[in-house]
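Trainee: Quick one: this structure, given as C-alpha cells, is what I'll be asking you about.
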Amino acid sequence: MLAVRAWLEPAGGRAAWLLRQVALAAAACVCAHVVLAAATLAATGSLPDWGQYLAYLRAFLGGGKACQLTYGFEPWSPALPVGAGYAASAAAIALLLRRRPDLASRNAALVVAISGLTAYGIALFSYTGTAPRPTCCPT
C-alpha cells in the first residue's frame, strides 16, 4: 500500500515520502512492543519470553523442517481461479498506475484500498498451497 501511495506522490518527493512512512511504521511497531512488554511486566512481574516466537519464525522462515511441510493443490483446485483473480488485480493496478496516473491520483484512496485488498489476498492465498486440505478451499 505504501508503494502504491508513494507512486501517487509528485515525482520529486516519492522516495522521501516513502522513507518517512516506513520510519513511522517501524516506530509504531517498536512502541507497540514496548507497550506489550510493559503491560506484561505489570501484569505478571516478568517480561515476555520472545524466544518461542523467534523459534517459530526460525522454524517456518529459516529453512527448518517446518517449512518443508506442504500439502499441495488438488488437480483443478478452486483456489486456482482465485489466484488468477489476484494476479489479474495486481496487473490491473500496475497498469493503472503506469498508464493512467491522473485517474489513479484523482481516486487515490480507492486505488490504495484496492491495492491493500489485493496484497492481503495474495498473502492469504500463499497459505492455501501449504494448508491442510480440510481448512482451505473446500470443494
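Residue numbering restarts at 1 in every chain; chains get A, B, ... in the order shown in the C-alpha cells, and ligands count up from 1 in that same order.
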For stretch 103-105 of chain A, please output as a PyMOL selection string all residues within 12 Å (counting only C-alpha atoms; exclusion window: fewer than 2 positions along the same chain).
Mentor: chain A and resi 4-10+92-101+107-115
Trainee: Please produce a file of those selected residues containing N, CA, C and O atoms, as a compact mmCIF listing (two decimals), in the first residue's frame.
Mentor:
```
# COMPACT_ATOMS: atom_id res chain seq x y z
N VAL A 4 2.23 1.90 -3.53
CA VAL A 4 1.21 2.49 -4.41
C VAL A 4 1.00 3.95 -4.05
O VAL A 4 0.94 4.82 -4.92
N ARG A 5 0.88 4.23 -2.77
CA ARG A 5 0.66 5.62 -2.34
C ARG A 5 1.85 6.49 -2.69
O ARG A 5 1.70 7.64 -3.09
N ALA A 6 3.06 5.93 -2.56
CA ALA A 6 4.26 6.70 -2.92
C ALA A 6 4.27 6.99 -4.42
O ALA A 6 4.68 8.07 -4.84
N TRP A 7 3.81 6.05 -5.22
CA TRP A 7 3.77 6.26 -6.66
C TRP A 7 2.84 7.42 -7.03
O TRP A 7 3.06 8.10 -8.02
N LEU A 8 1.81 7.63 -6.22
CA LEU A 8 0.86 8.70 -6.48
C LEU A 8 1.37 10.07 -6.04
O LEU A 8 0.77 11.09 -6.36
N GLU A 9 2.47 10.10 -5.31
CA GLU A 9 3.09 11.37 -4.88
C GLU A 9 3.77 12.03 -6.08
O GLU A 9 4.11 11.36 -7.06
N PRO A 10 4.02 13.34 -6.00
CA PRO A 10 4.78 14.01 -7.06
C PRO A 10 6.15 13.37 -7.24
O PRO A 10 6.76 12.90 -6.27
N ALA A 92 -3.78 -5.21 -13.07
CA ALA A 92 -4.63 -4.05 -13.37
C ALA A 92 -4.18 -2.82 -12.58
O ALA A 92 -4.16 -1.70 -13.12
N ILE A 93 -3.80 -3.00 -11.34
CA ILE A 93 -3.32 -1.88 -10.53
C ILE A 93 -2.03 -1.32 -11.12
O ILE A 93 -1.86 -0.11 -11.25
N ALA A 94 -1.11 -2.21 -11.49
CA ALA A 94 0.14 -1.76 -12.09
C ALA A 94 -0.10 -1.00 -13.39
O ALA A 94 0.50 0.05 -13.63
N LEU A 95 -1.00 -1.52 -14.22
CA LEU A 95 -1.33 -0.82 -15.48
C LEU A 95 -1.97 0.53 -15.22
O LEU A 95 -1.67 1.51 -15.91
N LEU A 96 -2.86 0.58 -14.25
CA LEU A 96 -3.50 1.86 -13.92
C LEU A 96 -2.47 2.90 -13.49
O LEU A 96 -2.51 4.04 -13.93
N LEU A 97 -1.54 2.49 -12.63
CA LEU A 97 -0.53 3.42 -12.14
C LEU A 97 0.40 3.89 -13.26
O LEU A 97 0.83 5.05 -13.26
N ARG A 98 0.71 3.00 -14.19
CA ARG A 98 1.64 3.37 -15.28
C ARG A 98 0.95 4.15 -16.40
O ARG A 98 1.50 5.09 -16.93
N ARG A 99 -0.24 3.72 -16.78
CA ARG A 99 -0.88 4.30 -17.96
C ARG A 99 -1.85 5.44 -17.68
O ARG A 99 -2.11 6.27 -18.53
N ARG A 100 -2.44 5.44 -16.49
CA ARG A 100 -3.42 6.48 -16.16
C ARG A 100 -3.15 7.05 -14.77
O ARG A 100 -4.00 6.98 -13.88
N PRO A 101 -1.97 7.61 -14.54
CA PRO A 101 -1.68 8.15 -13.21
C PRO A 101 -2.62 9.27 -12.80
O PRO A 101 -2.87 9.46 -11.60
N ASN A 107 -8.43 9.30 -7.67
CA ASN A 107 -9.10 8.30 -6.83
C ASN A 107 -8.09 7.59 -5.94
O ASN A 107 -8.11 6.36 -5.82
N ALA A 108 -7.19 8.36 -5.34
CA ALA A 108 -6.08 7.79 -4.58
C ALA A 108 -6.54 6.85 -3.46
O ALA A 108 -5.99 5.76 -3.30
N ALA A 109 -7.53 7.25 -2.69
CA ALA A 109 -7.98 6.41 -1.58
C ALA A 109 -8.51 5.07 -2.09
O ALA A 109 -8.22 4.01 -1.51
N LEU A 110 -9.26 5.10 -3.16
CA LEU A 110 -9.79 3.87 -3.74
C LEU A 110 -8.69 2.96 -4.27
O LEU A 110 -8.68 1.75 -4.02
N VAL A 111 -7.72 3.55 -4.97
CA VAL A 111 -6.62 2.76 -5.53
C VAL A 111 -5.78 2.14 -4.42
O VAL A 111 -5.41 0.96 -4.48
N VAL A 112 -5.51 2.90 -3.36
CA VAL A 112 -4.73 2.37 -2.24
C VAL A 112 -5.52 1.26 -1.53
O VAL A 112 -4.96 0.22 -1.16
N ALA A 113 -6.83 1.45 -1.36
CA ALA A 113 -7.65 0.41 -0.72
C ALA A 113 -7.68 -0.88 -1.55
O ALA A 113 -7.53 -1.97 -1.01
N ILE A 114 -7.85 -0.75 -2.85
CA ILE A 114 -7.86 -1.93 -3.71
C ILE A 114 -6.49 -2.60 -3.71
O ILE A 114 -6.40 -3.83 -3.70
N SER A 115 -5.43 -1.81 -3.68
CA SER A 115 -4.08 -2.36 -3.62
C SER A 115 -3.87 -3.14 -2.32
O SER A 115 -3.28 -4.22 -2.32
```
Trainee: Can you work out which one of A:Tyr120, A:Phe60, A:Phe125, A:Trp50 has the shortest atom-to-atom distance to A:Pro81, counting only C-alpha atoms?
Mentor: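 Of all the options, A:Phe125 lies closest to A:Pro81.
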Trainee: Please identify which residues in chain A DSSP calls helix (DSSP H, G or I) from the backbone, and express them as number ranges by chain.
Mentor: A: 2-7, 11-44, 51-61, 65-68, 79-99, 101-106, 108-128, 133-135
